[in-house]
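Colleague: What follows is model.cif; its format and atoms are mmCIF, C-alpha atoms.
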data_entry
#
loop_
_atom_site.label_atom_id
_atom_site.label_comp_id
_atom_site.auth_asym_id
_atom_site.auth_seq_id
_atom_site.Cartn_x
_atom_site.Cartn_y
_atom_site.Cartn_z
CA MET A 18 80.15 117.99 66.62
CA ASN A 19 81.36 115.97 69.56
CA SER A 20 78.98 113.52 71.16
CA VAL A 21 77.43 114.84 74.34
CA SER A 22 75.00 113.56 76.92
CA VAL A 23 71.71 115.39 76.57
CA GLU A 24 68.40 114.96 78.36
CA PRO A 25 65.50 115.73 76.03
CA THR A 26 63.16 116.65 78.84
CA ILE A 27 64.36 118.08 82.11
CA THR A 28 61.97 117.76 84.99
CA GLY A 29 64.17 116.78 87.89
CA TYR A 30 66.83 119.48 88.01
CA PRO A 31 67.77 120.79 91.49
CA GLY A 32 65.81 123.61 93.06
CA LYS A 33 62.64 123.14 91.06
CA THR A 34 60.52 126.03 92.36
CA ASP A 35 58.31 128.65 90.73
CA LYS A 36 61.28 131.01 90.62
CA ALA A 37 63.49 128.30 89.18
CA GLU A 38 60.89 127.50 86.52
CA ARG A 39 60.70 131.18 85.57
CA THR A 40 64.49 131.40 85.37
CA ARG A 41 64.67 128.28 83.27
CA ALA A 42 61.97 129.61 80.92
CA HIS A 43 63.84 132.93 80.69
CA ILE A 44 67.07 131.16 79.71
CA LEU A 45 65.23 129.11 77.10
CA GLU A 46 63.55 132.18 75.56
CA THR A 47 66.87 134.03 75.51
CA ALA A 48 68.58 131.10 73.82
CA MET A 49 65.88 130.82 71.18
CA LYS A 50 66.20 134.54 70.38
CA LEU A 51 69.97 134.30 69.97
CA LEU A 52 69.71 131.13 67.90
CA ARG A 53 67.31 132.90 65.54
CA GLU A 54 69.67 135.86 65.22
CA HIS A 55 73.07 134.16 65.11
CA GLY A 56 72.42 130.54 64.19
CA TYR A 57 73.38 127.44 66.12
CA ASP A 58 77.15 127.68 65.73
CA GLY A 59 77.15 131.42 66.40
CA THR A 60 75.40 131.09 69.76
CA THR A 61 77.38 130.15 72.85
CA MET A 62 76.34 129.38 76.40
CA ARG A 63 78.30 132.45 77.51
CA ALA A 64 76.39 134.64 75.07
CA ILE A 65 73.10 133.20 76.33
CA SER A 66 74.01 133.90 79.96
CA GLU A 67 75.12 137.47 79.19
CA ALA A 68 72.01 138.24 77.14
CA GLY A 69 69.84 136.80 79.90
CA GLY A 70 71.56 138.79 82.65
CA LEU A 71 72.73 135.65 84.44
CA SER A 72 76.07 134.24 85.40
CA LEU A 73 77.49 131.48 83.26
CA GLY A 74 77.34 129.16 86.26
CA SER A 75 73.63 129.86 86.73
CA THR A 76 72.95 129.09 83.08
CA TYR A 77 74.80 125.78 83.32
CA TYR A 78 72.88 125.00 86.50
CA TYR A 79 69.67 124.75 84.46
CA PHE A 80 71.07 123.59 81.12
CA ARG A 81 74.33 121.69 80.86
CA SER A 82 74.79 122.40 77.15
CA LYS A 83 73.39 124.18 74.13
CA GLU A 84 72.08 120.84 72.90
CA GLN A 85 70.10 120.41 76.11
CA LEU A 86 68.53 123.83 75.56
CA VAL A 87 67.37 122.83 72.10
CA GLN A 88 66.03 119.52 73.39
CA ALA A 89 64.06 121.49 75.98
CA PHE A 90 62.61 123.53 73.13
CA TYR A 91 61.62 120.32 71.32
CA ALA A 92 59.97 119.07 74.50
CA ARG A 93 58.07 122.33 74.96
CA THR A 94 56.66 122.33 71.44
CA HIS A 95 55.70 118.68 71.89
CA GLN A 96 53.80 119.48 75.09
CA GLU A 97 52.03 122.35 73.34
CA HIS A 98 50.98 119.90 70.63
CA LEU A 99 49.66 117.36 73.15
CA VAL A 100 47.51 120.00 74.83
CA ALA A 101 46.14 121.18 71.48
CA CYS A 102 45.19 117.59 70.53
CA GLU A 103 43.13 116.79 73.60
CA SER A 104 39.83 118.22 72.38
CA VAL A 105 39.82 116.33 69.09
CA LEU A 106 40.89 113.06 70.73
CA ALA A 107 38.15 113.46 73.34
CA THR A 108 35.34 114.12 70.86
CA GLU A 109 36.10 112.52 67.49
CA LEU A 110 35.72 108.83 66.65
CA SER A 111 36.42 108.98 62.92
CA LEU A 112 40.01 108.00 62.18
CA GLU A 113 40.33 110.68 59.53
CA ALA A 114 38.92 113.39 61.81
CA ARG A 115 41.28 112.37 64.63
CA LEU A 116 44.33 112.28 62.39
CA GLN A 117 43.37 115.52 60.64
CA GLY A 118 42.94 117.19 64.03
CA VAL A 119 46.31 116.00 65.31
CA MET A 120 48.16 117.11 62.17
CA ARG A 121 46.34 120.44 62.09
CA ALA A 122 47.24 121.00 65.75
CA LYS A 123 50.87 120.19 64.98
CA LEU A 124 51.15 122.76 62.22
CA GLU A 125 49.28 125.36 64.24
CA THR A 126 51.40 124.97 67.36
CA ILE A 127 54.74 125.07 65.53
CA GLU A 128 53.77 127.91 63.18
CA PRO A 129 55.20 130.64 65.48
CA TYR A 130 58.59 128.91 65.22
CA HIS A 131 58.70 128.64 61.43
CA ARG A 132 61.50 131.15 60.88
CA PHE A 133 63.49 129.53 63.67
CA ALA A 134 62.99 125.98 62.40
CA GLY A 135 65.41 126.42 59.53
CA VAL A 136 68.17 127.42 61.95
CA LEU A 137 67.75 124.20 63.93
CA PHE A 138 67.34 122.06 60.83
CA LYS A 139 70.90 122.86 59.73
CA THR A 140 72.14 121.04 62.82
CA ALA A 141 69.36 118.49 63.27
CA ALA A 142 69.85 117.21 59.72
CA ASP A 143 73.33 115.95 60.65
CA PRO A 144 72.99 112.21 61.46
CA ALA A 145 75.78 112.56 64.04
CA SER A 146 74.05 115.41 65.86
CA PRO A 147 72.28 114.65 69.16
CA LEU A 148 69.58 117.03 67.94
CA ASN A 149 68.46 114.89 65.02
CA PRO A 150 64.99 113.39 65.60
CA PHE A 151 66.26 109.81 65.30
CA SER A 152 69.03 110.19 67.90
CA ALA A 153 69.12 108.40 71.23
CA VAL A 154 68.71 111.65 73.16
CA SER A 155 65.60 112.51 71.13
CA GLN A 156 64.04 109.16 72.05
CA PRO A 157 61.78 110.30 74.93
CA VAL A 158 60.03 112.96 72.84
CA ARG A 159 59.94 110.61 69.84
CA GLU A 160 58.30 107.87 71.91
CA GLU A 161 55.73 110.27 73.36
CA ALA A 162 54.87 111.50 69.87
CA THR A 163 54.54 107.92 68.63
CA GLU A 164 52.26 107.16 71.57
CA LEU A 165 50.07 110.09 70.51
CA PHE A 166 49.50 108.40 67.14
CA ARG A 167 48.72 105.17 68.96
CA ARG A 168 45.96 107.05 70.80
CA VAL A 169 44.68 108.38 67.48
CA LEU A 170 44.32 104.83 66.18
CA GLU A 171 43.07 103.07 69.30
CA GLY A 172 40.40 105.68 70.02
CA SER A 173 38.99 105.57 66.50
CA ASN A 174 36.14 103.47 65.15
CA VAL A 175 38.50 101.63 62.79
CA ARG A 176 39.74 98.26 63.99
CA ILE A 177 43.29 97.44 62.96
CA LYS A 178 44.55 93.90 63.42
CA GLY A 179 47.79 92.12 64.18
CA ALA A 180 51.27 93.39 63.49
CA LEU A 181 49.95 96.35 61.52
CA ALA A 182 48.35 97.74 64.68
CA GLU A 183 51.76 97.69 66.37
CA GLU A 184 53.63 99.24 63.46
CA LEU A 185 51.18 101.96 62.39
CA PRO A 186 51.94 104.46 65.20
CA ASN A 187 55.59 104.42 64.18
CA LEU A 188 54.71 104.79 60.49
CA LEU A 189 52.44 107.73 61.30
CA TRP A 190 55.24 109.36 63.30
CA ILE A 191 57.53 109.03 60.27
CA PHE A 192 54.76 110.49 58.07
CA HIS A 193 54.35 113.51 60.35
CA MET A 194 58.11 114.09 60.33
CA GLY A 195 57.94 114.20 56.53
CA ILE A 196 55.23 116.85 56.73
CA ILE A 197 57.39 118.88 59.13
CA LEU A 198 60.37 118.66 56.77
CA PHE A 199 58.19 120.00 53.95
CA TRP A 200 56.89 122.73 56.32
CA ILE A 201 60.41 123.87 57.20
CA HIS A 202 61.05 124.64 53.52
CA ASP A 203 57.58 126.02 52.78
CA SER A 204 57.50 129.70 51.78
CA SER A 205 53.89 129.81 50.60
CA PRO A 206 51.56 132.50 52.06
CA GLY A 207 50.16 131.28 55.36
CA LEU A 208 52.09 128.03 54.87
CA GLU A 209 49.13 126.89 52.78
CA ARG A 210 51.11 124.29 50.84
CA SER A 211 52.03 122.48 54.06
CA ASN A 212 48.47 122.59 55.34
CA ARG A 213 47.10 121.32 52.06
CA LEU A 214 49.69 118.55 51.88
CA ALA A 215 48.79 117.43 55.40
CA ARG A 216 45.04 117.46 54.68
CA ARG A 217 45.26 115.56 51.41
CA THR A 218 47.74 112.95 52.59
CA VAL A 219 45.73 112.31 55.75
CA GLU A 220 42.70 111.66 53.54
CA MET A 221 44.67 109.08 51.56
CA ILE A 222 46.29 107.46 54.60
CA SER A 223 42.96 107.16 56.42
CA ARG A 224 41.39 105.41 53.45
CA LEU A 225 44.33 103.03 53.13
CA ILE A 226 44.17 102.14 56.82
CA ARG A 227 40.44 101.45 56.61
CA ILE A 228 40.93 98.96 53.78
CA ALA A 229 44.27 97.50 54.93
CA ASN A 230 42.64 94.31 56.19
CA LEU A 231 41.04 93.52 52.82
CA ALA A 232 42.53 90.55 51.00
CA PRO A 233 43.89 92.48 47.95
CA LEU A 234 46.01 94.70 50.22
CA ARG A 235 47.39 92.03 52.53
CA PRO A 236 50.49 91.32 50.40
CA LEU A 237 51.35 95.04 50.43
CA VAL A 238 50.86 95.20 54.20
CA ARG A 239 53.09 92.16 54.72
CA THR A 240 55.77 93.69 52.48
CA THR A 241 55.65 96.95 54.44
CA LEU A 242 55.92 95.19 57.78
CA ARG A 243 58.77 93.03 56.53
CA LEU A 244 60.63 96.12 55.31
CA MET A 245 60.28 97.82 58.70
CA GLY A 246 61.65 94.71 60.38
CA GLU A 247 64.62 94.61 58.01
CA LEU A 248 65.39 98.26 58.67
CA ARG A 249 65.47 97.58 62.40
CA GLU A 250 67.89 94.70 61.88
CA LEU A 251 70.21 97.01 59.94
CA GLU A 252 70.14 99.74 62.58
CA PRO A 253 73.53 100.21 64.32
CA PRO A 254 73.41 98.91 67.91
CA ASN A 255 74.41 102.28 69.39
CA ARG A 256 71.41 104.11 67.97
CA SER A 257 67.80 103.98 69.17
CA GLN A 258 65.10 102.95 66.77
CA PRO A 259 62.71 105.51 65.28
#
Now that the file is in, can you turn its structure into structure tokens?
Modeller:
Amino acid sequence: MNSVSVEPTITGYPGKTDKAERTRAHILETAMKLLREHGYDGTTMRAISEAGGLSLGSTYYYFRSKEQLVQAFYARTHQEHLVACESVLATELSLEARLQGVMRAKLETIEPYHRFAGVLFKTAADPASPLNPFSAVSQPVREEATELFRRVLEGSNVRIKGALAEELPNLLWIFHMGIILFWIHDSSPGLERSNRLARRTVEMISRLIRIANLAPLRPLVRTTLRLMGELRELEPPNRSQP
């Protein structure tokens, strides 16, 4: 796939009115339907415009590329997740309860898209694709998601010190991406395996965070932080950090 310029979230396009928002949402829904039916490579911008009853020019007015459409879908699911997290972040102080609530909200809000997720994964798994979660064009959504985990930590009754406090939101973002990867391939009834994996791993992670400042664990924490620093140093300069 050729490199393209893609905006993950699109809020400043021309003519932003109620009608324009409805048209944009209609194009996005049409694109998602076609992507489910025909896959990423089998769906074209022309096909999206024809299925949506719009001219090709009108479709490009709102979305400059197929990649931008998919990034808009990512942004929409992220916003749905943020809304679903607000109640638990506003009421819970326990780190485990906050993290459990955020992960549960994630799996609940993306569940309607489970069948569709595999279609996108085929493209997003390509390191060269602008749709992969570590790409530069995915950075705004990635940073907002990382900030969500920072809120989880900072609003809890667990005090985390030093460099670990800075690194943990990023590590939790990577953890939640691992859960999503498992979820994409989960065929268990009600996606129970994914939900159980999230619950049990959150229990373990919460306990580890609570005891991370104890002397016996400090060498492991230092090793983890050093590894993350080394990985950043090895990152190519033309790619954004996770």
Colleague: Per residue of region 71-165 of chain A within 10 Å of region 48-53 of chain A, which atom pair is closest and at what distance in Å (one decimal), using only C-alpha atoms, listed by chain and increasing number, as JSON lines?
Modeller:
{"residue": "A:Lys83", "atom": "CA", "partner": "A:Ala48", "partner_atom": "CA", "distance": 8.4}
{"residue": "A:Leu86", "atom": "CA", "partner": "A:Ala48", "partner_atom": "CA", "distance": 7.5}
{"residue": "A:Val87", "atom": "CA", "partner": "A:Met49", "partner_atom": "CA", "distance": 8.2}
{"residue": "A:Phe90", "atom": "CA", "partner": "A:Met49", "partner_atom": "CA", "distance": 8.2}
{"residue": "A:Tyr130", "atom": "CA", "partner": "A:Arg53", "partner_atom": "CA", "distance": 9.6}
{"residue": "A:Arg132", "atom": "CA", "partner": "A:Arg53", "partner_atom": "CA", "distance": 7.7}
{"residue": "A:Phe133", "atom": "CA", "partner": "A:Arg53", "partner_atom": "CA", "distance": 5.4}
{"residue": "A:Ala134", "atom": "CA", "partner": "A:Arg53", "partner_atom": "CA", "distance": 8.7}
{"residue": "A:Gly135", "atom": "CA", "partner": "A:Arg53", "partner_atom": "CA", "distance": 9.0}
{"residue": "A:Val136", "atom": "CA", "partner": "A:Arg53", "partner_atom": "CA", "distance": 6.6}
{"residue": "A:Leu137", "atom": "CA", "partner": "A:Leu52", "partner_atom": "CA", "distance": 8.2}
Colleague: Could you check which of A:Ser211, A:Ser205, A:Asn187, A:Ser111 is closest to Glu161 (chain A), using all atoms listed in the file?
Modeller: A:Asn187
Colleague: Taking into account all atoms listed in the file, which residue in the set A:Ser72, A:Ile196, A:Leu248, A:Gln156 is nearest to Arg213 (chain A)?
Modeller: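 That would be A:Ile196, the residue with the smallest distance to Arg213 (chain A).
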Colleague: I need the output of the PyMOL selection byres ((chain A and resi 99) around 10) for this file as an NGL selection string; which residues are they?
Modeller: :A and (93-98 or 100-104 or 119 or 122-123 or 126 or 161-162 or 165)
Colleague: Could you work out how far CA of Arg176 (chain A) lies from CA of Arg239 (chain A), giving the answer in Å with one decimal?
Modeller: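 Between CA of Arg239 (chain A) and CA of Arg176 (chain A) the gap works out to 17.4 Å.
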Colleague: Can you tell me which residues surround region 235-238 of chain A at a distance of at most 12 Å, considering only C-alpha atoms, apart from same-chain residues fewer than 2 positions away, and format the answer as an MDAnalysis selection string?
Modeller: chainID A and resid 177:182 184:185 225:226 228:233 240:245
Colleague: From the list A:Ala89, A:Leu110, A:Ile44, A:Ile127, which residue is nearest Glu67 (chain A) when using all atoms listed in the file?
Modeller: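 Using all atoms listed in the file, Glu67 (chain A) sits closest to A:Ile44.
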Colleague: Expressed in Å to a single decimal, how great is the separation between CA of Arg217 (chain A) and CA of Leu116 (chain A)?
Modeller: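 So the answer is 11.5 Å.
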Colleague: For region 226-229 of chain A, what centre and edge lengths in Å (one decimal) does the axis-aligned box get once 8 Å is added on each side of all its listed atoms, as lines of an AutoDock Vina configuration file?
Modeller:
center_x = 42.4
center_y = 99.8
center_z = 55.3
size_x = 19.8
size_y = 20.6
size_z = 19.0
Colleague: With only C-alpha atoms as the atoms that count, which of A:Thr163, A:Ser223, A:Ser66, A:Thr47 lies nearest to Ile191 (chain A)?
Modeller: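 Of all the options, A:Thr163 lies closest to Ile191 (chain A).
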Colleague: How many Å separate CA of Phe151 (chain A) from CA of Arg210 (chain A)?
Modeller: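 Computing it gives 25.5 Å between the two atoms.
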Colleague: Can you pull out every residue within 12 Å of Tyr77 (chain A), counting only C-alpha atoms, but drop anything in the same chain fewer than 6 positions away, and send it as a PDB file with C-alpha atoms, in the frame of the given file?
Modeller:
ATOM      1  CA  TYR A  30      66.830 119.480  88.010  1.00  0.00           C
ATOM      2  CA  PRO A  31      67.770 120.790  91.490  1.00  0.00           C
ATOM      3  CA  THR A  40      64.490 131.400  85.370  1.00  0.00           C
ATOM      4  CA  ARG A  41      64.670 128.280  83.270  1.00  0.00           C
ATOM      5  CA  ILE A  44      67.070 131.160  79.710  1.00  0.00           C
ATOM      6  CA  LEU A  45      65.230 129.110  77.100  1.00  0.00           C
ATOM      7  CA  THR A  61      77.380 130.150  72.850  1.00  0.00           C
ATOM      8  CA  MET A  62      76.340 129.380  76.400  1.00  0.00           C
ATOM      9  CA  ARG A  63      78.300 132.450  77.510  1.00  0.00           C
ATOM     10  CA  ILE A  65      73.100 133.200  76.330  1.00  0.00           C
ATOM     11  CA  SER A  66      74.010 133.900  79.960  1.00  0.00           C
ATOM     12  CA  LEU A  71      72.730 135.650  84.440  1.00  0.00           C
ATOM     13  CA  LYS A  83      73.390 124.180  74.130  1.00  0.00           C
ATOM     14  CA  GLU A  84      72.080 120.840  72.900  1.00  0.00           C
ATOM     15  CA  GLN A  85      70.100 120.410  76.110  1.00  0.00           C
ATOM     16  CA  LEU A  86      68.530 123.830  75.560  1.00  0.00           C
TER      17      LEU A  86
END
Colleague: With distances taken over all atoms listed in the file, which residue among A:Thr140, A:Asn149, A:Ser155, A:Asn212 lies nearest Gly56 (chain A)?
Modeller: A:Thr140
Colleague: Taking all atoms listed in the file into account, which of A:Ala141, A:Leu124, A:Val105, A:Val169 comes nearest Gly207 (chain A)?
Modeller: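 Once distances to Gly207 (chain A) are computed over all atoms listed in the file, the minimum belongs to A:Leu124.
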